[in-house]
file final_24.txt (compact mmCIF, N, CA and C atoms)
# COMPACT_ATOMS: atom_id res chain seq x y z
N MET A 8 13.48 25.17 -12.78
CA MET A 8 13.02 25.66 -14.05
C MET A 8 13.90 26.78 -14.57
N PHE A 9 14.33 27.67 -13.67
CA PHE A 9 15.14 28.80 -14.06
C PHE A 9 16.52 28.34 -14.57
N ILE A 10 17.07 27.29 -13.97
CA ILE A 10 18.38 26.77 -14.37
C ILE A 10 18.31 26.20 -15.78
N LYS A 11 17.23 25.48 -16.09
CA LYS A 11 17.08 24.92 -17.43
C LYS A 11 17.01 26.03 -18.48
N LYS A 12 16.29 27.09 -18.17
CA LYS A 12 16.17 28.20 -19.11
C LYS A 12 17.52 28.88 -19.31
N GLU A 13 18.29 29.01 -18.23
CA GLU A 13 19.62 29.62 -18.31
C GLU A 13 20.55 28.76 -19.17
N LYS A 14 20.51 27.44 -18.95
CA LYS A 14 21.32 26.53 -19.75
C LYS A 14 20.89 26.56 -21.21
N TYR A 15 19.59 26.65 -21.42
CA TYR A 15 19.07 26.71 -22.78
C TYR A 15 19.57 27.97 -23.51
N ASN A 16 19.55 29.10 -22.82
CA ASN A 16 20.04 30.35 -23.42
C ASN A 16 21.53 30.28 -23.72
N LEU A 17 22.30 29.69 -22.80
CA LEU A 17 23.73 29.53 -23.00
C LEU A 17 24.00 28.62 -24.20
N LEU A 18 23.28 27.52 -24.29
CA LEU A 18 23.43 26.60 -25.40
C LEU A 18 23.05 27.26 -26.73
N GLU A 19 22.00 28.05 -26.72
CA GLU A 19 21.56 28.75 -27.93
C GLU A 19 22.63 29.74 -28.39
N LYS A 20 23.25 30.46 -27.46
CA LYS A 20 24.30 31.42 -27.81
C LYS A 20 25.51 30.70 -28.41
N GLN A 21 25.88 29.57 -27.82
CA GLN A 21 27.02 28.81 -28.32
C GLN A 21 26.75 28.26 -29.72
N ILE A 22 25.53 27.80 -29.95
CA ILE A 22 25.16 27.28 -31.27
C ILE A 22 25.20 28.40 -32.31
N LEU A 23 24.70 29.57 -31.95
CA LEU A 23 24.74 30.71 -32.87
C LEU A 23 26.17 31.14 -33.16
N ARG A 24 27.03 31.13 -32.15
CA ARG A 24 28.44 31.47 -32.35
C ARG A 24 29.13 30.45 -33.25
N LEU A 25 28.84 29.17 -33.04
CA LEU A 25 29.39 28.11 -33.88
C LEU A 25 28.92 28.26 -35.32
N ASN A 26 27.66 28.56 -35.51
CA ASN A 26 27.09 28.76 -36.84
C ASN A 26 27.78 29.93 -37.55
N ASP A 27 27.99 31.03 -36.83
CA ASP A 27 28.68 32.19 -37.42
C ASP A 27 30.11 31.84 -37.83
N THR A 28 30.79 31.10 -36.97
CA THR A 28 32.17 30.70 -37.27
C THR A 28 32.22 29.82 -38.51
N LEU A 29 31.32 28.87 -38.61
CA LEU A 29 31.30 27.98 -39.77
C LEU A 29 30.98 28.75 -41.05
N GLN A 30 30.09 29.72 -40.97
CA GLN A 30 29.75 30.51 -42.14
C GLN A 30 30.92 31.40 -42.57
N LYS A 31 31.63 31.96 -41.61
CA LYS A 31 32.78 32.80 -41.94
C LYS A 31 33.88 32.00 -42.62
N ASN A 32 34.05 30.77 -42.25
CA ASN A 32 35.12 29.94 -42.80
C ASN A 32 34.69 29.13 -44.02
N ASN A 33 33.49 29.36 -44.52
CA ASN A 33 32.97 28.67 -45.71
C ASN A 33 33.03 27.15 -45.58
N ILE A 34 32.71 26.65 -44.43
CA ILE A 34 32.73 25.21 -44.19
C ILE A 34 31.70 24.50 -45.07
N GLN A 35 30.58 25.14 -45.29
CA GLN A 35 29.54 24.52 -46.11
C GLN A 35 30.04 24.31 -47.54
N GLU A 36 30.68 25.32 -48.11
CA GLU A 36 31.22 25.20 -49.48
C GLU A 36 32.33 24.16 -49.53
N LEU A 37 33.18 24.15 -48.51
CA LEU A 37 34.27 23.18 -48.46
C LEU A 37 33.74 21.75 -48.39
N SER A 38 32.73 21.52 -47.59
CA SER A 38 32.17 20.17 -47.50
C SER A 38 31.51 19.76 -48.81
N TYR A 39 30.92 20.72 -49.52
CA TYR A 39 30.33 20.42 -50.82
C TYR A 39 31.41 20.02 -51.82
N ILE A 40 32.53 20.74 -51.82
CA ILE A 40 33.61 20.44 -52.76
C ILE A 40 34.22 19.08 -52.46
N LEU A 41 34.45 18.79 -51.19
CA LEU A 41 35.05 17.51 -50.83
C LEU A 41 34.12 16.34 -51.15
N GLY A 42 32.82 16.59 -51.12
CA GLY A 42 31.87 15.53 -51.41
C GLY A 42 31.66 15.34 -52.91
N ASN A 43 31.92 16.37 -53.71
CA ASN A 43 31.68 16.31 -55.14
C ASN A 43 33.01 16.18 -55.86
N LYS A 44 33.30 15.00 -56.39
CA LYS A 44 34.59 14.72 -57.03
C LYS A 44 34.79 15.55 -58.30
N LYS A 45 33.73 15.75 -59.09
CA LYS A 45 33.86 16.52 -60.32
C LYS A 45 34.24 17.97 -60.02
N GLU A 46 33.63 18.53 -59.00
CA GLU A 46 33.93 19.92 -58.61
C GLU A 46 35.38 20.03 -58.13
N MET A 47 35.84 19.04 -57.37
CA MET A 47 37.20 19.05 -56.87
C MET A 47 38.20 18.95 -58.02
N ILE A 48 37.94 18.07 -58.98
CA ILE A 48 38.83 17.92 -60.13
C ILE A 48 38.86 19.19 -60.95
N LYS A 49 37.69 19.81 -61.15
CA LYS A 49 37.62 21.04 -61.93
C LYS A 49 38.44 22.15 -61.28
N ARG A 50 38.28 22.34 -59.98
CA ARG A 50 39.02 23.39 -59.28
C ARG A 50 40.52 23.13 -59.29
N ASN A 51 40.93 21.89 -59.08
CA ASN A 51 42.35 21.57 -59.08
C ASN A 51 42.96 21.76 -60.47
N LEU A 52 42.21 21.41 -61.51
CA LEU A 52 42.70 21.58 -62.87
C LEU A 52 42.91 23.06 -63.20
N ILE A 53 41.92 23.86 -62.86
CA ILE A 53 42.01 25.30 -63.15
C ILE A 53 43.15 25.93 -62.34
N SER A 54 43.26 25.59 -61.07
CA SER A 54 44.34 26.17 -60.26
C SER A 54 45.71 25.71 -60.76
N GLY A 55 45.82 24.48 -61.22
CA GLY A 55 47.09 23.99 -61.77
C GLY A 55 47.49 24.72 -63.04
N ILE A 56 46.51 24.99 -63.90
CA ILE A 56 46.80 25.72 -65.13
C ILE A 56 47.32 27.12 -64.81
N PHE A 57 46.64 27.81 -63.90
CA PHE A 57 47.06 29.18 -63.57
C PHE A 57 48.39 29.20 -62.83
N ARG A 58 48.68 28.19 -62.02
CA ARG A 58 49.99 28.13 -61.37
C ARG A 58 51.08 27.95 -62.41
N GLY A 59 50.84 27.09 -63.39
CA GLY A 59 51.82 26.87 -64.44
C GLY A 59 52.09 28.12 -65.25
N ILE A 60 51.03 28.84 -65.59
CA ILE A 60 51.19 30.09 -66.33
C ILE A 60 51.97 31.11 -65.49
N GLY A 61 51.64 31.20 -64.22
CA GLY A 61 52.34 32.14 -63.33
C GLY A 61 53.82 31.81 -63.18
N ILE A 62 54.13 30.54 -63.07
CA ILE A 62 55.54 30.14 -62.96
C ILE A 62 56.27 30.48 -64.25
N GLY A 63 55.65 30.21 -65.38
CA GLY A 63 56.29 30.52 -66.67
C GLY A 63 56.58 32.00 -66.82
N ILE A 64 55.61 32.83 -66.49
CA ILE A 64 55.81 34.28 -66.60
C ILE A 64 56.86 34.75 -65.60
N GLY A 65 56.82 34.24 -64.39
CA GLY A 65 57.80 34.64 -63.37
C GLY A 65 59.22 34.28 -63.76
N VAL A 66 59.43 33.08 -64.24
CA VAL A 66 60.78 32.66 -64.64
C VAL A 66 61.27 33.51 -65.81
N THR A 67 60.38 33.82 -66.75
CA THR A 67 60.77 34.65 -67.89
C THR A 67 61.20 36.04 -67.45
N VAL A 68 60.44 36.65 -66.56
CA VAL A 68 60.77 37.99 -66.08
C VAL A 68 62.10 37.98 -65.31
N ILE A 69 62.28 37.03 -64.43
CA ILE A 69 63.52 36.96 -63.65
C ILE A 69 64.72 36.72 -64.54
N THR A 70 64.58 35.85 -65.53
CA THR A 70 65.68 35.59 -66.46
C THR A 70 66.02 36.84 -67.26
N ALA A 71 65.01 37.56 -67.72
CA ALA A 71 65.26 38.79 -68.47
C ALA A 71 65.99 39.82 -67.61
N ILE A 72 65.60 39.94 -66.36
CA ILE A 72 66.28 40.88 -65.46
C ILE A 72 67.73 40.48 -65.24
N LEU A 73 67.98 39.18 -65.03
CA LEU A 73 69.35 38.71 -64.84
C LEU A 73 70.21 38.95 -66.06
N VAL A 74 69.67 38.70 -67.25
CA VAL A 74 70.44 38.94 -68.48
C VAL A 74 70.75 40.43 -68.62
N PHE A 75 69.78 41.29 -68.30
CA PHE A 75 69.99 42.73 -68.36
C PHE A 75 71.11 43.16 -67.42
N ILE A 76 71.09 42.64 -66.19
CA ILE A 76 72.13 42.97 -65.21
C ILE A 76 73.49 42.47 -65.68
N MET A 77 73.53 41.27 -66.25
CA MET A 77 74.79 40.72 -66.74
C MET A 77 75.34 41.57 -67.89
N GLN A 78 74.48 42.05 -68.77
CA GLN A 78 74.94 42.91 -69.86
C GLN A 78 75.56 44.19 -69.30
N ARG A 79 74.98 44.73 -68.25
CA ARG A 79 75.54 45.95 -67.64
C ARG A 79 76.90 45.67 -67.00
N ILE A 80 77.04 44.49 -66.39
CA ILE A 80 78.34 44.13 -65.79
C ILE A 80 79.40 43.99 -66.86
N VAL A 81 79.04 43.46 -68.02
CA VAL A 81 79.99 43.30 -69.12
C VAL A 81 80.50 44.66 -69.58
N THR A 82 79.62 45.66 -69.61
CA THR A 82 80.04 46.99 -70.07
C THR A 82 81.00 47.66 -69.09
N LEU A 83 81.09 47.17 -67.85
CA LEU A 83 82.03 47.72 -66.88
C LEU A 83 83.45 47.20 -67.12
N ASN A 84 83.59 46.20 -67.97
CA ASN A 84 84.89 45.61 -68.32
C ASN A 84 85.68 45.12 -67.11
N ILE A 85 85.04 44.38 -66.24
CA ILE A 85 85.75 43.72 -65.14
C ILE A 85 86.42 42.49 -65.76
N PRO A 86 87.74 42.34 -65.62
CA PRO A 86 88.49 41.35 -66.40
C PRO A 86 87.95 39.91 -66.35
N VAL A 87 87.91 39.29 -65.21
CA VAL A 87 87.55 37.87 -65.13
C VAL A 87 86.04 37.70 -65.25
N ILE A 88 85.30 38.48 -64.50
CA ILE A 88 83.85 38.34 -64.46
C ILE A 88 83.25 38.76 -65.80
N GLY A 89 83.78 39.80 -66.40
CA GLY A 89 83.24 40.31 -67.66
C GLY A 89 83.31 39.28 -68.78
N GLU A 90 84.44 38.57 -68.90
CA GLU A 90 84.57 37.55 -69.95
C GLU A 90 83.59 36.40 -69.73
N TYR A 91 83.47 35.96 -68.49
CA TYR A 91 82.57 34.86 -68.16
C TYR A 91 81.13 35.23 -68.46
N ILE A 92 80.73 36.42 -68.05
CA ILE A 92 79.36 36.85 -68.25
C ILE A 92 79.09 37.12 -69.73
N SER A 93 80.08 37.65 -70.46
CA SER A 93 79.87 37.91 -71.90
C SER A 93 79.63 36.59 -72.63
N ASP A 94 80.30 35.52 -72.21
CA ASP A 94 80.05 34.21 -72.81
C ASP A 94 78.61 33.76 -72.54
N ILE A 95 78.16 33.95 -71.31
CA ILE A 95 76.78 33.56 -70.97
C ILE A 95 75.78 34.38 -71.77
N VAL A 96 76.01 35.70 -71.88
CA VAL A 96 75.09 36.56 -72.62
C VAL A 96 75.07 36.17 -74.09
N GLU A 97 76.21 35.83 -74.67
CA GLU A 97 76.27 35.38 -76.07
C GLU A 97 75.44 34.12 -76.28
N ILE A 98 75.58 33.18 -75.36
CA ILE A 98 74.83 31.92 -75.46
C ILE A 98 73.33 32.19 -75.40
N VAL A 99 72.91 33.05 -74.50
CA VAL A 99 71.48 33.38 -74.37
C VAL A 99 70.97 34.08 -75.62
N GLU A 100 71.75 35.03 -76.15
CA GLU A 100 71.31 35.76 -77.34
C GLU A 100 71.27 34.86 -78.58
N LYS A 101 72.19 33.89 -78.68
CA LYS A 101 72.16 32.96 -79.81
C LYS A 101 70.95 32.04 -79.77
N SER A 102 70.48 31.74 -78.56
CA SER A 102 69.34 30.82 -78.44
C SER A 102 68.01 31.50 -78.72
N ARG A 103 68.00 32.81 -78.90
CA ARG A 103 66.75 33.52 -79.20
C ARG A 103 66.31 33.25 -80.59
call {"tool": "encode", "arguments": {"input": "final_24.txt", "output": "structure tokens"}}
result
Amino acid sequence: MFIKKEKYNLLEKQILRLNDTLQKNNIQELSYILGNKKEMIKRNLISGIFRGIGIGIGVTVITAILVFIMQRIVTLNIPVIGEYISDIVEIVEKSR
């Protein structure tokens, strides 16, 4: 009788630990999303939109920084590099 009670307590502790782990990892919400196609489509659509906006802003900022650096290099009047970069800066400024 004592062994059964000991095994029961051990099993109860393991079940409680498993339950805590599943709750910490949001397994219940994940299983709901995977089961509900509309919810999955909605989340993927929203995340795709925000990724696209983030990529657009990031590329714009990086390009602006590169053009700024190139303009500074042109003002240093380095013979070969300066002419090449001034052509690139002119092309970028004309496209604005």
call {"tool": "atom_distance", "arguments": {"input": "final_24.txt", "atom1": "CA of Ser93 in chain A", "atom2": "atom C of Ile76 in chain A"}}
result
10.0 Å
call {"tool": "residues_around", "arguments": {"input": "final_24.txt", "residues": "Ile80 in chain A", "least_positions_apart": "5", "cutoff": "8 Å", "atoms": "only N, CA and C atoms", "output": "mmCIF file with N, CA and C atoms, keeping the file's coordinate frame"}}
result
data_model
loop_
_atom_site.group_PDB
_atom_site.id
_atom_site.type_symbol
_atom_site.label_atom_id
_atom_site.label_comp_id
_atom_site.auth_asym_id
_atom_site.auth_seq_id
_atom_site.Cartn_x
_atom_site.Cartn_y
_atom_site.Cartn_z
ATOM 1 N N VAL A 74 69.670 38.700 -67.250
ATOM 2 C CA VAL A 74 70.440 38.940 -68.480
ATOM 3 C C VAL A 74 70.750 40.430 -68.620
ATOM 4 N N PHE A 75 69.780 41.290 -68.300
ATOM 5 C CA PHE A 75 69.990 42.730 -68.360
ATOM 6 C C PHE A 75 71.110 43.160 -67.420
ATOM 7 N N ILE A 85 85.040 44.380 -66.240
ATOM 8 C CA ILE A 85 85.750 43.720 -65.140
ATOM 9 C C ILE A 85 86.420 42.490 -65.760
ATOM 10 N N ILE A 88 85.300 38.480 -64.500
ATOM 11 C CA ILE A 88 83.850 38.340 -64.460
ATOM 12 C C ILE A 88 83.250 38.760 -65.800
ATOM 13 N N GLY A 89 83.780 39.800 -66.400
ATOM 14 C CA GLY A 89 83.240 40.310 -67.660
ATOM 15 C C GLY A 89 83.310 39.280 -68.780
ATOM 16 N N GLU A 90 84.440 38.570 -68.900
ATOM 17 C CA GLU A 90 84.570 37.550 -69.950
ATOM 18 C C GLU A 90 83.590 36.400 -69.730
ATOM 19 N N ILE A 92 80.730 36.420 -68.050
ATOM 20 C CA ILE A 92 79.360 36.850 -68.250
ATOM 21 C C ILE A 92 79.090 37.120 -69.730
ATOM 22 N N SER A 93 80.080 37.650 -70.460
ATOM 23 C CA SER A 93 79.870 37.910 -71.900
ATOM 24 C C SER A 93 79.630 36.590 -72.630
#
call {"tool": "atom_distance", "arguments": {"input": "final_24.txt", "atom1": "CA of Leu52 in chain A", "atom2": "CA of Glu36 in chain A"}}
result
18.0 Å
call {"tool": "atom_distance", "arguments": {"input": "final_24.txt", "atom1": "atom C of Asp94 in chain A", "atom2": "CA of Val66 in chain A"}}
result
19.5 Å
call {"tool": "residues_around", "arguments": {"input": "final_24.txt", "residues": "Val96 in chain A", "least_positions_apart": "5", "cutoff": "9 Å", "atoms": "only C-alpha atoms", "output": "list in words"}}
result
Val74, Met77, Gln78, Tyr91 and Lys101 of chain A
call {"tool": "decode", "arguments": {"input": "final_24.txt", "residues": "range 15-94 of chain A", "atoms": "C-alpha atoms", "output": "PDB file, in the first residue's frame"}}
result
ATOM      1  CA  TYR A  15       1.062   8.103  -6.878  1.00  0.00           C
ATOM      2  CA  ASN A  16       2.825  11.096  -5.299  1.00  0.00           C
ATOM      3  CA  LEU A  17       5.702  10.827  -7.767  1.00  0.00           C
ATOM      4  CA  LEU A  18       3.278  10.645 -10.691  1.00  0.00           C
ATOM      5  CA  GLU A  19       1.329  13.632  -9.365  1.00  0.00           C
ATOM      6  CA  LYS A  20       4.530  15.707  -9.093  1.00  0.00           C
ATOM      7  CA  GLN A  21       5.550  14.804 -12.642  1.00  0.00           C
ATOM      8  CA  ILE A  22       2.106  15.712 -13.990  1.00  0.00           C
ATOM      9  CA  LEU A  23       2.206  19.070 -12.200  1.00  0.00           C
ATOM     10  CA  ARG A  24       5.704  19.749 -13.564  1.00  0.00           C
ATOM     11  CA  LEU A  25       4.558  18.839 -17.086  1.00  0.00           C
ATOM     12  CA  ASN A  26       1.518  21.107 -16.725  1.00  0.00           C
ATOM     13  CA  ASP A  27       3.728  24.017 -15.603  1.00  0.00           C
ATOM     14  CA  THR A  28       6.076  23.472 -18.537  1.00  0.00           C
ATOM     15  CA  LEU A  29       3.226  23.417 -21.034  1.00  0.00           C
ATOM     16  CA  GLN A  30       1.739  26.592 -19.573  1.00  0.00           C
ATOM     17  CA  LYS A  31       5.082  28.403 -19.676  1.00  0.00           C
ATOM     18  CA  ASN A  32       5.545  27.533 -23.346  1.00  0.00           C
ATOM     19  CA  ASN A  33       1.972  28.532 -24.334  1.00  0.00           C
ATOM     20  CA  ILE A  34       1.285  25.109 -25.798  1.00  0.00           C
ATOM     21  CA  GLN A  35      -2.437  25.583 -25.342  1.00  0.00           C
ATOM     22  CA  GLU A  36      -2.462  28.780 -27.428  1.00  0.00           C
ATOM     23  CA  LEU A  37      -0.229  27.186 -30.049  1.00  0.00           C
ATOM     24  CA  SER A  38      -2.518  24.179 -30.418  1.00  0.00           C
ATOM     25  CA  TYR A  39      -5.500  26.529 -30.755  1.00  0.00           C
ATOM     26  CA  ILE A  40      -3.780  28.482 -33.539  1.00  0.00           C
ATOM     27  CA  LEU A  41      -2.739  25.359 -35.419  1.00  0.00           C
ATOM     28  CA  GLY A  42      -6.272  24.007 -35.195  1.00  0.00           C
ATOM     29  CA  ASN A  43      -7.927  27.249 -36.314  1.00  0.00           C
ATOM     30  CA  LYS A  44      -7.050  28.070 -39.943  1.00  0.00           C
ATOM     31  CA  LYS A  45      -8.576  31.567 -39.863  1.00  0.00           C
ATOM     32  CA  GLU A  46      -6.504  32.522 -36.824  1.00  0.00           C
ATOM     33  CA  MET A  47      -3.342  31.176 -38.459  1.00  0.00           C
ATOM     34  CA  ILE A  48      -3.994  33.106 -41.689  1.00  0.00           C
ATOM     35  CA  LYS A  49      -4.729  36.297 -39.750  1.00  0.00           C
ATOM     36  CA  ARG A  50      -1.501  36.079 -37.728  1.00  0.00           C
ATOM     37  CA  ASN A  51       0.629  35.259 -40.766  1.00  0.00           C
ATOM     38  CA  LEU A  52      -0.898  38.126 -42.747  1.00  0.00           C
ATOM     39  CA  ILE A  53      -0.277  40.652 -39.988  1.00  0.00           C
ATOM     40  CA  SER A  54       3.282  39.445 -39.379  1.00  0.00           C
ATOM     41  CA  GLY A  55       4.007  39.562 -43.127  1.00  0.00           C
ATOM     42  CA  ILE A  56       2.773  43.139 -43.384  1.00  0.00           C
ATOM     43  CA  PHE A  57       4.951  44.280 -40.482  1.00  0.00           C
ATOM     44  CA  ARG A  58       7.989  42.420 -41.827  1.00  0.00           C
ATOM     45  CA  GLY A  59       7.549  44.156 -45.172  1.00  0.00           C
ATOM     46  CA  ILE A  60       7.277  47.568 -43.536  1.00  0.00           C
ATOM     47  CA  GLY A  61      10.355  46.853 -41.410  1.00  0.00           C
ATOM     48  CA  ILE A  62      12.397  45.766 -44.409  1.00  0.00           C
ATOM     49  CA  GLY A  63      11.365  48.885 -46.334  1.00  0.00           C
ATOM     50  CA  ILE A  64      12.334  51.217 -43.498  1.00  0.00           C
ATOM     51  CA  GLY A  65      15.604  49.364 -42.879  1.00  0.00           C
ATOM     52  CA  VAL A  66      16.695  49.475 -46.515  1.00  0.00           C
ATOM     53  CA  THR A  67      15.836  53.180 -46.704  1.00  0.00           C
ATOM     54  CA  VAL A  68      17.884  54.020 -43.615  1.00  0.00           C
ATOM     55  CA  ILE A  69      20.893  51.971 -44.732  1.00  0.00           C
ATOM     56  CA  THR A  70      20.802  53.492 -48.219  1.00  0.00           C
ATOM     57  CA  ALA A  71      20.633  57.009 -46.774  1.00  0.00           C
ATOM     58  CA  ILE A  72      23.626  56.303 -44.540  1.00  0.00           C
ATOM     59  CA  LEU A  73      25.637  54.896 -47.469  1.00  0.00           C
ATOM     60  CA  VAL A  74      24.850  57.920 -49.655  1.00  0.00           C
ATOM     61  CA  PHE A  75      25.876  60.234 -46.797  1.00  0.00           C
ATOM     62  CA  ILE A  76      29.191  58.385 -46.378  1.00  0.00           C
ATOM     63  CA  MET A  77      29.807  58.464 -50.138  1.00  0.00           C
ATOM     64  CA  GLN A  78      29.208  62.226 -50.219  1.00  0.00           C
ATOM     65  CA  ARG A  79      31.822  62.656 -47.482  1.00  0.00           C
ATOM     66  CA  ILE A  80      34.317  60.534 -49.432  1.00  0.00           C
ATOM     67  CA  VAL A  81      33.767  62.714 -52.507  1.00  0.00           C
ATOM     68  CA  THR A  82      34.648  65.832 -50.506  1.00  0.00           C
ATOM     69  CA  LEU A  83      38.030  64.255 -49.664  1.00  0.00           C
ATOM     70  CA  ASN A  84      38.904  64.393 -53.390  1.00  0.00           C
ATOM     71  CA  ILE A  85      40.447  60.932 -53.652  1.00  0.00           C
ATOM     72  CA  PRO A  86      41.215  60.735 -57.409  1.00  0.00           C
ATOM     73  CA  VAL A  87      39.841  57.383 -58.600  1.00  0.00           C
ATOM     74  CA  ILE A  88      37.345  56.618 -55.855  1.00  0.00           C
ATOM     75  CA  GLY A  89      36.027  60.183 -55.686  1.00  0.00           C
ATOM     76  CA  GLU A  90      35.025  60.283 -59.377  1.00  0.00           C
ATOM     77  CA  TYR A  91      33.324  56.892 -59.199  1.00  0.00           C
ATOM     78  CA  ILE A  92      31.395  57.764 -56.058  1.00  0.00           C
ATOM     79  CA  SER A  93      30.434  61.232 -57.360  1.00  0.00           C
ATOM     80  CA  ASP A  94      28.839  59.526 -60.372  1.00  0.00           C
TER      81      ASP A  94
END
